[in-house]
>>> print(open('structure_21.txt').read())   # compact mmCIF, C-alpha atoms and all ligand atoms
# COMPACT_ATOMS: atom_id res chain seq x y z
CA MET K 28 -53.13 166.08 107.13
CA LYS K 29 -50.16 165.74 104.81
CA ASN K 30 -48.85 168.73 102.90
CA ILE K 31 -51.50 169.52 100.29
CA ASN K 32 -48.92 169.51 97.49
CA SER K 33 -48.22 165.85 98.14
CA ILE K 34 -51.91 165.11 97.61
CA ILE K 35 -52.84 167.25 94.61
CA SER K 36 -51.85 165.70 91.28
CA ARG K 37 -48.65 166.94 89.69
CA ASN K 38 -50.52 167.74 86.50
CA VAL K 39 -52.94 170.02 88.33
CA GLN K 40 -50.09 171.63 90.20
CA SER K 41 -48.43 172.38 86.88
CA ILE K 42 -51.20 174.78 85.85
CA GLU K 43 -52.65 178.02 87.22
CA ILE K 44 -56.09 179.61 87.08
CA SER K 45 -56.60 181.71 83.97
CA GLY K 46 -54.82 185.08 83.94
CA ILE K 47 -57.93 186.55 82.32
CA ARG K 48 -60.09 185.63 85.30
CA LYS K 49 -57.38 186.66 87.74
CA PHE K 50 -57.36 190.14 86.29
CA PHE K 51 -61.14 190.31 86.04
CA ASN K 52 -61.34 189.52 89.76
CA LYS K 53 -58.96 192.38 90.57
CA VAL K 54 -61.23 194.80 88.72
CA ALA K 55 -64.01 194.15 91.24
CA LYS K 56 -61.95 196.15 93.76
CA TYR K 57 -62.23 199.25 91.55
CA PRO K 58 -65.98 199.94 91.25
CA ASP K 59 -65.50 203.00 88.99
CA ALA K 60 -63.21 201.18 86.57
CA ILE K 61 -64.32 200.40 83.04
CA SER K 62 -63.60 196.77 82.41
CA LEU K 63 -62.68 195.76 78.87
CA THR K 64 -61.58 192.33 80.00
CA LEU K 65 -64.21 189.75 79.16
CA GLY K 66 -65.05 187.77 76.06
CA GLN K 67 -68.77 188.17 76.56
CA PRO K 68 -70.77 190.11 73.93
CA ASP K 69 -72.96 192.81 75.51
CA PHE K 70 -76.02 191.71 73.52
CA ASN K 71 -78.95 189.79 74.87
CA VAL K 72 -79.61 186.27 73.66
CA PRO K 73 -81.90 186.62 70.59
CA GLU K 74 -85.58 186.57 71.63
CA LYS K 75 -86.41 183.55 69.47
CA ILE K 76 -83.73 181.50 71.22
CA LYS K 77 -85.15 182.47 74.61
CA GLU K 78 -88.65 181.50 73.48
CA ALA K 79 -87.42 178.17 72.11
CA MET K 80 -85.78 177.35 75.44
CA ILE K 81 -88.89 178.36 77.41
CA ASN K 82 -91.00 176.20 75.10
CA ALA K 83 -88.59 173.31 75.57
CA ILE K 84 -89.06 173.57 79.33
CA ASN K 85 -92.85 173.80 79.04
CA GLU K 86 -92.85 170.77 76.75
CA ASN K 87 -90.78 168.89 79.32
CA LYS K 88 -87.85 168.43 76.98
CA THR K 89 -85.71 168.19 80.06
CA THR K 90 -84.46 164.62 79.92
CA TYR K 91 -81.06 163.36 78.78
CA THR K 92 -80.63 163.63 75.03
CA SER K 93 -78.54 161.20 73.03
CA ASN K 94 -74.89 161.57 73.98
CA ALA K 95 -74.08 163.33 70.73
CA GLY K 96 -76.99 165.74 71.11
CA ILE K 97 -80.36 166.13 69.41
CA ILE K 98 -80.25 165.11 65.77
CA GLU K 99 -82.07 168.25 64.53
CA LEU K 100 -79.32 170.47 65.97
CA ARG K 101 -76.53 168.28 64.59
CA LYS K 102 -78.15 168.43 61.13
CA GLU K 103 -78.52 172.19 61.39
CA ILE K 104 -74.85 172.57 62.39
CA SER K 105 -73.93 170.42 59.40
CA SER K 106 -75.90 172.79 57.09
CA TYR K 107 -74.39 175.86 58.74
CA LEU K 108 -70.86 174.52 58.27
CA LYS K 109 -71.60 173.90 54.58
CA THR K 110 -72.10 177.66 54.18
CA GLN K 111 -68.43 177.91 55.22
CA HIS K 112 -67.48 175.09 52.82
CA ILE K 113 -66.85 172.65 55.68
CA ASN K 114 -68.34 169.17 55.35
CA TYR K 115 -69.37 167.17 58.39
CA ASN K 116 -72.56 165.11 58.54
CA GLU K 117 -74.70 164.71 61.67
CA ASN K 118 -72.78 161.59 62.74
CA GLU K 119 -69.55 163.53 62.72
CA ILE K 120 -70.82 166.19 65.15
CA CYS K 121 -71.10 166.01 68.94
CA ILE K 122 -72.83 168.75 70.97
CA THR K 123 -70.74 169.69 74.00
CA ILE K 124 -70.94 171.90 77.08
CA GLY K 125 -69.33 174.88 75.41
CA GLY K 126 -66.25 174.73 73.26
CA SER K 127 -64.39 174.29 76.56
CA GLU K 128 -65.70 170.78 77.08
CA GLY K 129 -65.11 170.06 73.40
CA LEU K 130 -61.45 171.02 73.68
CA MET K 131 -60.92 168.89 76.77
CA ASP K 132 -62.70 165.89 75.20
CA ILE K 133 -60.51 166.07 72.10
CA PHE K 134 -57.27 166.40 74.03
CA ALA K 135 -58.27 163.60 76.42
CA ALA K 136 -59.03 161.37 73.44
CA LEU K 137 -55.67 162.09 71.79
CA ILE K 138 -53.01 162.72 74.40
CA ASP K 139 -50.92 160.18 76.24
CA PRO K 140 -48.46 161.38 78.88
CA SER K 141 -45.43 163.06 77.24
CA ASP K 142 -47.09 163.41 73.85
CA LYS K 143 -46.10 166.70 72.30
CA VAL K 144 -48.69 169.27 71.28
CA LEU K 145 -47.88 172.35 69.21
CA VAL K 146 -49.68 175.36 70.64
CA PRO K 147 -49.49 178.89 69.18
CA THR K 148 -48.33 181.74 71.37
CA PRO K 149 -50.05 184.08 72.07
CA ALA K 150 -53.28 182.06 72.26
CA TYR K 151 -56.36 181.26 74.31
CA PRO K 152 -54.89 179.87 77.56
CA ALA K 153 -57.02 176.72 77.77
CA TYR K 154 -54.96 174.84 75.18
CA GLU K 155 -51.78 174.82 77.25
CA SER K 156 -53.63 174.07 80.47
CA CYS K 157 -55.67 171.19 79.03
CA VAL K 158 -52.55 169.60 77.53
CA LYS K 159 -50.66 169.91 80.82
CA LEU K 160 -53.60 168.54 82.82
CA LEU K 161 -53.42 165.41 80.69
CA GLY K 162 -49.67 165.08 81.15
CA GLY K 163 -48.84 166.15 77.61
CA ASN K 164 -45.93 168.41 76.69
CA VAL K 165 -46.62 171.81 75.20
CA VAL K 166 -44.34 172.95 72.38
CA ASN K 167 -45.02 176.59 71.54
CA TYR K 168 -44.90 177.95 68.01
CA ASN K 169 -44.52 181.70 67.70
CA LEU K 170 -46.77 183.89 65.65
CA LYS K 171 -45.36 186.67 63.50
CA GLU K 172 -45.79 190.41 64.15
CA ASP K 173 -49.15 190.31 62.36
CA PHE K 174 -50.07 187.16 64.35
CA SER K 175 -50.05 184.95 61.29
CA ILE K 176 -48.14 181.64 61.36
CA GLY K 177 -44.34 181.68 61.05
CA PHE K 178 -44.13 178.73 58.67
CA GLU K 179 -40.37 178.34 58.75
CA GLU K 180 -40.37 177.78 62.51
CA LEU K 181 -43.51 175.65 62.36
CA GLU K 182 -42.07 173.27 59.80
CA LYS K 183 -38.81 173.00 61.74
CA LEU K 184 -40.70 172.16 64.94
CA ILE K 185 -42.78 169.51 63.20
CA VAL K 186 -39.64 167.81 61.89
CA GLN K 187 -37.55 168.17 65.08
CA GLU K 188 -40.15 167.65 67.82
CA LYS K 189 -42.49 165.25 66.01
CA PRO K 190 -45.60 166.55 67.78
CA LYS K 191 -48.70 164.36 67.70
CA VAL K 192 -51.14 167.27 67.66
CA MET K 193 -51.13 170.87 66.54
CA VAL K 194 -53.58 173.55 67.67
CA LEU K 195 -54.82 176.16 65.23
CA SER K 196 -56.79 179.09 66.59
CA TYR K 197 -58.40 181.43 64.06
CA PRO K 198 -60.21 183.83 64.30
CA SER K 199 -57.98 184.43 67.27
CA ASN K 200 -58.60 185.26 70.86
CA PRO K 201 -56.60 187.43 71.84
CA THR K 202 -55.35 188.94 68.57
CA GLY K 203 -58.41 189.10 66.28
CA ALA K 204 -56.24 187.69 63.46
CA ILE K 205 -57.79 185.38 60.86
CA LEU K 206 -56.42 182.70 58.54
CA SER K 207 -55.63 183.94 55.02
CA LYS K 208 -56.21 181.79 51.92
CA GLU K 209 -52.47 181.69 51.31
CA ASP K 210 -51.71 180.45 54.84
CA ASN K 211 -54.57 177.98 54.71
CA ASP K 212 -53.06 176.51 51.52
CA LYS K 213 -49.59 176.35 53.10
CA LEU K 214 -51.02 174.57 56.14
CA HIS K 215 -52.80 172.12 53.89
CA LYS K 216 -49.51 171.17 52.26
CA ILE K 217 -47.71 170.76 55.60
CA ILE K 218 -50.47 168.68 57.15
CA SER K 219 -50.73 166.49 54.05
CA GLU K 220 -47.00 165.78 54.17
CA ASN K 221 -46.66 165.10 57.90
CA GLU K 222 -48.04 162.74 60.53
CA ILE K 223 -49.91 165.29 62.64
CA ILE K 224 -53.46 165.88 63.84
CA VAL K 225 -54.83 169.42 63.78
CA VAL K 226 -57.25 170.68 66.40
CA SER K 227 -58.82 173.79 64.87
CA ASP K 228 -60.60 176.04 67.36
CA GLU K 229 -63.12 178.03 65.35
CA MET K 230 -65.16 179.45 68.20
CA TYR K 231 -65.35 182.86 66.51
CA SER K 232 -66.06 181.68 62.97
CA ALA K 233 -69.38 183.56 62.90
CA LEU K 234 -67.59 186.79 63.80
CA TYR K 235 -65.45 187.08 60.71
CA PHE K 236 -65.15 190.48 59.03
CA GLU K 237 -63.91 189.43 55.57
CA LYS K 238 -66.02 188.12 52.71
CA GLU K 239 -64.53 184.63 52.50
CA TYR K 240 -63.93 182.36 55.47
CA TYR K 241 -60.85 180.11 55.44
CA SER K 242 -60.39 177.02 57.59
CA ILE K 243 -58.17 173.97 57.44
CA ALA K 244 -61.37 171.91 57.75
CA GLN K 245 -62.33 172.95 54.21
CA PHE K 246 -59.91 170.40 52.70
CA ASP K 247 -61.71 167.08 52.40
CA ASP K 248 -58.51 165.19 51.51
CA ILE K 249 -57.04 165.73 55.01
CA LYS K 250 -60.31 165.31 56.92
CA ASP K 251 -58.85 162.29 58.72
CA LYS K 252 -56.26 164.62 60.30
CA VAL K 253 -58.50 167.50 61.37
CA ILE K 254 -60.83 168.02 64.34
CA VAL K 255 -62.89 171.20 64.70
CA VAL K 256 -64.25 172.90 67.81
CA GLY K 257 -67.08 175.41 67.43
CA GLY K 258 -69.81 176.89 69.53
CA PHE K 259 -72.59 179.33 70.19
CA SER K 260 -71.28 181.25 73.22
CA LYS K 261 -70.08 184.15 71.10
CA MET K 262 -72.24 183.65 68.01
CA PHE K 263 -75.55 183.99 69.88
CA SER K 264 -74.14 185.82 72.91
CA MET K 265 -75.03 182.90 75.16
CA THR K 266 -71.81 182.31 77.09
CA GLY K 267 -73.62 181.30 80.28
CA LEU K 268 -75.79 178.74 78.53
CA ARG K 269 -72.77 176.53 77.86
CA ILE K 270 -73.15 174.96 74.46
CA GLY K 271 -70.69 174.15 71.70
CA TYR K 272 -69.72 171.30 69.40
CA VAL K 273 -66.94 169.12 68.07
CA CYS K 274 -66.66 167.90 64.49
CA ALA K 275 -64.50 164.93 63.57
CA THR K 276 -64.50 161.86 61.34
CA GLU K 277 -66.37 158.94 62.90
CA GLU K 278 -63.06 157.23 63.66
CA PHE K 279 -62.06 160.08 65.97
CA MET K 280 -65.58 160.72 67.12
CA ASN K 281 -65.96 157.23 68.60
CA SER K 282 -63.15 158.01 71.03
CA ILE K 283 -64.11 161.63 71.70
CA MET K 284 -67.61 160.40 72.48
CA LYS K 285 -66.29 158.07 75.19
CA VAL K 286 -64.76 161.01 77.04
CA HIS K 287 -67.88 163.12 76.50
CA GLN K 288 -70.19 160.36 77.68
CA TYR K 289 -68.41 159.61 80.93
CA ASN K 290 -67.79 163.28 81.61
CA VAL K 291 -71.17 164.90 80.99
CA SER K 292 -73.55 162.41 79.27
CA CYS K 293 -74.92 165.18 77.07
CA ALA K 294 -75.18 168.95 76.74
CA PRO K 295 -78.16 170.62 78.50
CA SER K 296 -81.30 169.60 76.59
CA ILE K 297 -83.16 172.93 76.63
CA VAL K 298 -80.12 174.85 75.44
CA GLN K 299 -79.78 172.43 72.53
CA TYR K 300 -83.29 173.45 71.40
CA GLY K 301 -82.28 177.09 71.81
CA ALA K 302 -79.18 176.70 69.62
CA TYR K 303 -81.28 174.85 67.02
CA GLU K 304 -83.70 177.78 66.85
CA GLY K 305 -80.73 180.16 66.65
CA LEU K 306 -79.23 178.48 63.60
CA LYS K 307 -82.59 178.28 61.88
CA ASN K 308 -83.98 181.74 62.62
CA CYS K 309 -81.46 184.09 64.25
CA MET K 310 -78.70 184.55 61.72
CA GLU K 311 -79.87 188.16 61.17
CA ASP K 312 -79.19 188.84 64.84
CA VAL K 313 -75.64 187.56 64.32
CA GLU K 314 -75.22 189.88 61.32
CA CYS K 315 -76.41 192.89 63.38
CA MET K 316 -74.00 192.04 66.18
CA LYS K 317 -71.16 191.66 63.68
CA LYS K 318 -71.90 195.08 62.11
CA GLU K 319 -71.83 196.66 65.55
CA PHE K 320 -68.51 194.96 66.37
CA ILE K 321 -67.00 196.30 63.13
CA LYS K 322 -68.09 199.87 64.08
CA ARG K 323 -66.57 199.50 67.52
CA ARG K 324 -63.39 197.98 66.15
CA ASP K 325 -62.96 200.90 63.76
CA TYR K 326 -63.54 203.40 66.55
CA LEU K 327 -61.17 201.69 68.98
CA TYR K 328 -58.47 201.19 66.36
CA ASP K 329 -58.56 204.85 65.25
CA ARG K 330 -58.41 206.11 68.81
CA LEU K 331 -55.56 203.80 69.86
CA ILE K 332 -53.48 204.68 66.79
CA LYS K 333 -54.06 208.41 67.44
CA ILE K 334 -53.03 207.93 71.06
CA GLY K 335 -49.78 206.42 69.81
CA PHE K 336 -50.26 202.63 70.06
CA GLU K 337 -49.19 200.23 67.36
CA SER K 338 -51.75 197.57 66.58
CA ASN K 339 -52.89 195.16 63.92
CA ILE K 340 -56.43 195.69 62.78
CA PRO K 341 -58.51 192.72 63.95
CA MET K 342 -60.41 190.88 61.20
CA GLY K 343 -62.49 188.63 63.45
CA ALA K 344 -63.68 187.98 67.02
CA PHE K 345 -63.96 191.12 69.20
CA TYR K 346 -60.50 191.69 70.64
CA MET K 347 -57.69 194.11 69.84
CA PHE K 348 -54.13 193.30 70.86
CA PRO K 349 -52.09 196.52 70.72
CA SER K 350 -48.38 196.55 71.46
CA ILE K 351 -47.21 198.30 74.62
CA LYS K 352 -43.53 197.61 73.94
CA LYS K 353 -42.69 201.31 73.51
CA PHE K 354 -43.74 202.02 77.11
CA ASN K 355 -41.06 199.71 78.54
CA LEU K 356 -43.42 198.13 81.03
CA LYS K 357 -44.25 194.45 81.45
CA SER K 358 -47.83 193.76 80.40
CA GLU K 359 -48.89 192.96 83.97
CA ASP K 360 -47.38 196.21 85.29
CA PHE K 361 -48.94 198.20 82.47
CA CYS K 362 -52.40 196.75 83.17
CA GLU K 363 -52.04 197.13 86.92
CA ARG K 364 -51.16 200.82 86.52
CA LEU K 365 -53.84 201.39 83.88
CA LEU K 366 -56.37 200.02 86.33
CA LYS K 367 -55.14 201.89 89.41
CA GLU K 368 -54.24 205.20 87.80
CA ALA K 369 -56.77 205.46 84.98
CA GLY K 370 -59.62 203.15 85.97
CA VAL K 371 -59.50 200.98 82.85
CA ALA K 372 -59.09 197.22 82.95
CA ALA K 373 -57.51 195.33 80.07
CA VAL K 374 -55.92 191.87 80.16
CA PRO K 375 -52.09 191.61 80.27
CA GLY K 376 -50.81 189.92 77.13
CA LEU K 377 -48.79 187.49 79.24
CA ALA K 378 -52.08 185.80 80.23
CA PHE K 379 -52.01 184.38 76.68
CA GLY K 380 -48.57 182.84 76.96
CA VAL K 381 -45.01 184.03 76.53
CA GLY K 382 -45.76 185.34 73.04
CA GLY K 383 -48.29 187.74 74.53
CA GLU K 384 -45.73 189.70 76.56
CA GLY K 385 -45.49 193.26 75.26
CA TYR K 386 -49.19 193.45 74.42
CA VAL K 387 -52.54 193.97 76.13
CA ARG K 388 -55.89 192.51 75.15
CA ILE K 389 -58.75 194.95 74.87
CA SER K 390 -62.19 193.44 74.37
CA TYR K 391 -64.56 195.63 72.38
CA ALA K 392 -67.58 193.58 73.36
CA TYR K 393 -68.61 196.66 75.31
CA SER K 394 -70.86 199.62 74.47
CA MET K 395 -69.61 202.55 72.39
CA GLU K 396 -70.06 204.82 75.45
CA GLN K 397 -67.82 202.58 77.54
CA LEU K 398 -65.25 202.39 74.75
CA LYS K 399 -65.22 206.20 74.34
CA GLU K 400 -64.78 206.82 78.04
CA ALA K 401 -62.11 204.10 78.26
CA CYS K 402 -60.19 205.61 75.32
CA ASP K 403 -60.29 209.08 76.95
CA ARG K 404 -58.89 207.59 80.13
CA ILE K 405 -56.22 205.60 78.26
CA GLU K 406 -55.20 208.77 76.39
CA ASN K 407 -54.64 210.67 79.65
CA PHE K 408 -52.83 207.72 81.21
CA VAL K 409 -50.42 207.35 78.30
CA LYS K 410 -49.65 211.12 78.29
CA ASN K 411 -48.39 210.80 81.84
CA LEU K 412 -46.33 207.63 81.40
C1 LIG L 1 -60.68 180.73 71.36
C2 LIG L 1 -61.71 180.20 72.31
N1 LIG L 1 -61.98 178.90 72.30
C3 LIG L 1 -62.87 178.35 73.13
C4 LIG L 1 -63.54 179.12 74.06
C5 LIG L 1 -64.52 178.46 75.00
O1 LIG L 1 -65.81 178.86 74.71
P1 LIG L 1 -67.10 178.25 75.42
O2 LIG L 1 -67.78 179.39 76.12
O3 LIG L 1 -67.94 177.77 74.27
O4 LIG L 1 -66.69 177.17 76.32
C6 LIG L 1 -63.28 180.49 74.13
C7 LIG L 1 -63.92 181.33 75.14
O5 LIG L 1 -63.58 182.47 75.39
C8 LIG L 1 -62.33 181.05 73.23
O6 LIG L 1 -62.03 182.35 73.26
>>> encode(input="structure_21.txt", output="structure tokens")
Amino acid sequence: MKNINSIISRNVQSIEISGIRKFFNKVAKYPDAISLTLGQPDFNVPEKIKEAMINAINENKTTYTSNAGIIELRKEISSYLKTQHINYNENEICITIGGSEGLMDIFAALIDPSDKVLVPTPAYPAYESCVKLLGGNVVNYNLKEDFSIGFEELEKLIVQEKPKVMVLSYPSNPTGAILSKEDNDKLHKIISENEIIVVSDEMYSALYFEKEYYSIAQFDDIKDKVIVVGGFSKMFSMTGLRIGYVCATEEFMNSIMKVHQYNVSCAPSIVQYGAYEGLKNCMEDVECMKKEFIKRRDYLYDRLIKIGFESNIPMGAFYMFPSIKKFNLKSEDFCERLLKEAGVAAVPGLAFGVGGEGYVRISYAYSMEQLKEACDRIENFVKNL
């Protein structure tokens, strides 16, 4: 056989498997380690969702659904989004296999080879990889110290690079930062004045710790330039059930739907009934989970600051992204040593792009006991650095 590299596509060769997974796999070699690596809430799927899925099986709701997904769920998503002042009707929503499929569908519908896509750094790694897989060119925009948008640089890049698409990612994985009203208004102005499409990943919109939620999708006058990705993996702690959604004007949706149709036909039918039940009857479960995350965030933040870390206080999702710059170690070396010497696994910031170097991502989707023990271990580790 020929050299494998001459067979595998150049686009695939240009990407690597996720640094998050890579590190998670290393942790398996340290059975006593506490892993704070994954973006998986440690709550069970709400009982009513489980029952709805069991009922769906017993009622033989196991056939293909319409490509876009069952209408009752799309209508329920539309109502849910209205509570966040975001307007999409059921024909502007497509149910996908997690936000992951949604992201890929959108990029595949938009990107031609060499098209430029503005991607924040640090950010969830899938954006860069999806763009590269499709032959697009990633142009990074840096986030400021508090992980908000550096508008001066952003505006310059839009003028100089003329990107076709821009990714927004709030509430953020890995930083826990959210979009402020002021920044949302600034973005609105920039997007109104420029030829650019925004892909707004709002996977963590249900895990938002402020009173008011801000999203670029709230501006109806630029709706023809905005596409939203959302989902239930985090909201209902159902990461393995693989369900999410995309919202876009029908003009965009017609093309996104082509990719979705030929890729997966539809999202799993029984899970669609589960998500429907969740939106109708499990919002209290989401509130309970959110309250618990806030408690854990406060605990983790206090401990890390006392230990001597510098960190922003996360206002959404369930990740903290403290700086490790003062320790003069690369994020991969820091995490490797933290794992080997202290038995705590956290994700190196570099896994989230060049802007993540100098930081580590700690997920607090773990029990208070695990967080306490992990903080004790981190404290001892840092003393000896
Ligand atoms: C920011 C962000 N977007 C999208 C996803 C994909 O989520 P899903 O499980 O719905 O595919 C994740 C998962 O961690 C995420 O953190």
>>> atom_distance(input="structure_21.txt", atom1="CA of Thr90 (chain K)", atom2="CA of Gly305 (chain K)")
20.8 Å
>>> closest_atom_pairs(input="structure_21.txt", of="chain K", to="ligand LIG 1 (chain L)", cutoff="8 Å", atoms="all atoms listed in the file", output="JSON lines")
{"residue": "K:Gly66", "atom": "CA", "partner": "L:LIG1", "partner_atom": "O5", "distance": 5.5}
{"residue": "K:Gln67", "atom": "CA", "partner": "L:LIG1", "partner_atom": "O5", "distance": 7.8}
{"residue": "K:Ile124", "atom": "CA", "partner": "L:LIG1", "partner_atom": "O4", "distance": 6.8}
{"residue": "K:Gly125", "atom": "CA", "partner": "L:LIG1", "partner_atom": "O3", "distance": 3.4}
{"residue": "K:Gly126", "atom": "CA", "partner": "L:LIG1", "partner_atom": "O3", "distance": 3.6}
{"residue": "K:Ser127", "atom": "CA", "partner": "L:LIG1", "partner_atom": "O4", "distance": 3.7}
{"residue": "K:Glu128", "atom": "CA", "partner": "L:LIG1", "partner_atom": "O4", "distance": 6.5}
{"residue": "K:Gly129", "atom": "CA", "partner": "L:LIG1", "partner_atom": "O4", "distance": 7.8}
{"residue": "K:Leu130", "atom": "CA", "partner": "L:LIG1", "partner_atom": "C3", "distance": 7.5}
{"residue": "K:Ala150", "atom": "CA", "partner": "L:LIG1", "partner_atom": "C1", "distance": 7.6}
{"residue": "K:Tyr151", "atom": "CA", "partner": "L:LIG1", "partner_atom": "C1", "distance": 5.3}
{"residue": "K:Ala153", "atom": "CA", "partner": "L:LIG1", "partner_atom": "C3", "distance": 7.6}
{"residue": "K:Ser196", "atom": "CA", "partner": "L:LIG1", "partner_atom": "C1", "distance": 6.4}
{"residue": "K:Tyr197", "atom": "CA", "partner": "L:LIG1", "partner_atom": "C1", "distance": 7.7}
{"residue": "K:Pro198", "atom": "CA", "partner": "L:LIG1", "partner_atom": "C1", "distance": 7.7}
{"residue": "K:Ser199", "atom": "CA", "partner": "L:LIG1", "partner_atom": "C1", "distance": 6.1}
{"residue": "K:Asn200", "atom": "CA", "partner": "L:LIG1", "partner_atom": "C1", "distance": 5.0}
{"residue": "K:Pro201", "atom": "CA", "partner": "L:LIG1", "partner_atom": "O6", "distance": 7.6}
{"residue": "K:Asp228", "atom": "CA", "partner": "L:LIG1", "partner_atom": "N1", "distance": 5.9}
{"residue": "K:Glu229", "atom": "CA", "partner": "L:LIG1", "partner_atom": "C1", "distance": 7.0}
{"residue": "K:Met230", "atom": "CA", "partner": "L:LIG1", "partner_atom": "N1", "distance": 5.2}
{"residue": "K:Tyr231", "atom": "CA", "partner": "L:LIG1", "partner_atom": "C1", "distance": 7.1}
{"residue": "K:Val256", "atom": "CA", "partner": "L:LIG1", "partner_atom": "C3", "distance": 7.7}
{"residue": "K:Gly257", "atom": "CA", "partner": "L:LIG1", "partner_atom": "O3", "distance": 7.3}
{"residue": "K:Gly258", "atom": "CA", "partner": "L:LIG1", "partner_atom": "O3", "distance": 5.2}
{"residue": "K:Phe259", "atom": "CA", "partner": "L:LIG1", "partner_atom": "O3", "distance": 6.4}
{"residue": "K:Ser260", "atom": "CA", "partner": "L:LIG1", "partner_atom": "O2", "distance": 4.9}
{"residue": "K:Lys261", "atom": "CA", "partner": "L:LIG1", "partner_atom": "O2", "distance": 7.3}
{"residue": "K:Thr266", "atom": "CA", "partner": "L:LIG1", "partner_atom": "O2", "distance": 5.1}
{"residue": "K:Gly267", "atom": "CA", "partner": "L:LIG1", "partner_atom": "O2", "distance": 7.4}
{"residue": "K:Arg269", "atom": "CA", "partner": "L:LIG1", "partner_atom": "O2", "distance": 6.0}
{"residue": "K:Ile270", "atom": "CA", "partner": "L:LIG1", "partner_atom": "O3", "distance": 5.9}
{"residue": "K:Gly271", "atom": "CA", "partner": "L:LIG1", "partner_atom": "O3", "distance": 5.2}
>>> write_last_selection(input="structure_21.txt", atoms="C-alpha atoms", output="PDB file, in the frame of the given file")
ATOM      1  CA  GLY K  66     -65.050 187.770  76.060  1.00  0.00           C
ATOM      2  CA  GLN K  67     -68.770 188.170  76.560  1.00  0.00           C
ATOM      3  CA  ILE K 124     -70.940 171.900  77.080  1.00  0.00           C
ATOM      4  CA  GLY K 125     -69.330 174.880  75.410  1.00  0.00           C
ATOM      5  CA  GLY K 126     -66.250 174.730  73.260  1.00  0.00           C
ATOM      6  CA  SER K 127     -64.390 174.290  76.560  1.00  0.00           C
ATOM      7  CA  GLU K 128     -65.700 170.780  77.080  1.00  0.00           C
ATOM      8  CA  GLY K 129     -65.110 170.060  73.400  1.00  0.00           C
ATOM      9  CA  LEU K 130     -61.450 171.020  73.680  1.00  0.00           C
ATOM     10  CA  ALA K 150     -53.280 182.060  72.260  1.00  0.00           C
ATOM     11  CA  TYR K 151     -56.360 181.260  74.310  1.00  0.00           C
ATOM     12  CA  ALA K 153     -57.020 176.720  77.770  1.00  0.00           C
ATOM     13  CA  SER K 196     -56.790 179.090  66.590  1.00  0.00           C
ATOM     14  CA  TYR K 197     -58.400 181.430  64.060  1.00  0.00           C
ATOM     15  CA  PRO K 198     -60.210 183.830  64.300  1.00  0.00           C
ATOM     16  CA  SER K 199     -57.980 184.430  67.270  1.00  0.00           C
ATOM     17  CA  ASN K 200     -58.600 185.260  70.860  1.00  0.00           C
ATOM     18  CA  PRO K 201     -56.600 187.430  71.840  1.00  0.00           C
ATOM     19  CA  ASP K 228     -60.600 176.040  67.360  1.00  0.00           C
ATOM     20  CA  GLU K 229     -63.120 178.030  65.350  1.00  0.00           C
ATOM     21  CA  MET K 230     -65.160 179.450  68.200  1.00  0.00           C
ATOM     22  CA  TYR K 231     -65.350 182.860  66.510  1.00  0.00           C
ATOM     23  CA  VAL K 256     -64.250 172.900  67.810  1.00  0.00           C
ATOM     24  CA  GLY K 257     -67.080 175.410  67.430  1.00  0.00           C
ATOM     25  CA  GLY K 258     -69.810 176.890  69.530  1.00  0.00           C
ATOM     26  CA  PHE K 259     -72.590 179.330  70.190  1.00  0.00           C
ATOM     27  CA  SER K 260     -71.280 181.250  73.220  1.00  0.00           C
ATOM     28  CA  LYS K 261     -70.080 184.150  71.100  1.00  0.00           C
ATOM     29  CA  THR K 266     -71.810 182.310  77.090  1.00  0.00           C
ATOM     30  CA  GLY K 267     -73.620 181.300  80.280  1.00  0.00           C
ATOM     31  CA  ARG K 269     -72.770 176.530  77.860  1.00  0.00           C
ATOM     32  CA  ILE K 270     -73.150 174.960  74.460  1.00  0.00           C
ATOM     33  CA  GLY K 271     -70.690 174.150  71.700  1.00  0.00           C
TER      34      GLY K 271
END
>>> axis_aligned_box(input="structure_21.txt", around="region 66-75 of chain K", padding_each_side="8 Å", output="JSON")
{"center_x": -75.7, "center_y": 188.2, "center_z": 73.0, "size_x": 37.4, "size_y": 25.3, "size_z": 23.1}
>>> closest_residue(input="structure_21.txt", among="K:Glu400, K:Asp69, K:Glu78, K:Glu384", to="Val298 (chain K)", atoms="only C-alpha atoms")
K:Glu78
>>> closest_residue(input="structure_21.txt", among="K:Lys318, K:Lys208, K:Lys399, K:Lys191", to="Ile223 (chain K)", atoms="only C-alpha atoms")
K:Lys191
>>> closest_residue(input="structure_21.txt", among="K:Lys307, K:Ile332, K:Ala244, K:Phe279", to="Tyr107 (chain K)", atoms="all atoms listed in the file")
K:Lys307
>>> residues_around(input="structure_21.txt", residues="Phe408 (chain K)", least_positions_apart="3", cutoff="12 Å", atoms="only C-alpha atoms", output="list in words")
Ile334, Gly335, Phe354, Phe361, Cys362, Arg364, Leu365, Leu366, Lys367, Glu368, Ala369, Gly370, Val371, Ala401, Cys402, Asp403, Arg404, Ile405, Asn411 and Leu412 of chain K
>>> closest_residue(input="structure_21.txt", among="K:Leu160, K:Cys121, K:Ala83, K:Ala204", to="Arg37 (chain K)", atoms="all atoms listed in the file")
K:Leu160
>>> atom_distance(input="structure_21.txt", atom1="CA of Ala275 (chain K)", atom2="CA of Tyr300 (chain K)")
22.1 Å
>>> closest_residue(input="structure_21.txt", among="K:Leu63, K:Tyr240, K:Ser175, K:Gln40", to="Met395 (chain K)", atoms="only C-alpha atoms")
K:Leu63
>>> atom_distance(input="structure_21.txt", atom1="CA of Ser227 (chain K)", atom2="CA of Lys252 (chain K)")
10.6 Å
>>> residues_around(input="structure_21.txt", residues="Leu137 (chain K)", least_positions_apart="3", cutoff="10 Å", atoms="only C-alpha atoms", output="ChimeraX atom specification")
/K:131-134,142,158,161,163,191-192,224,279,282-283
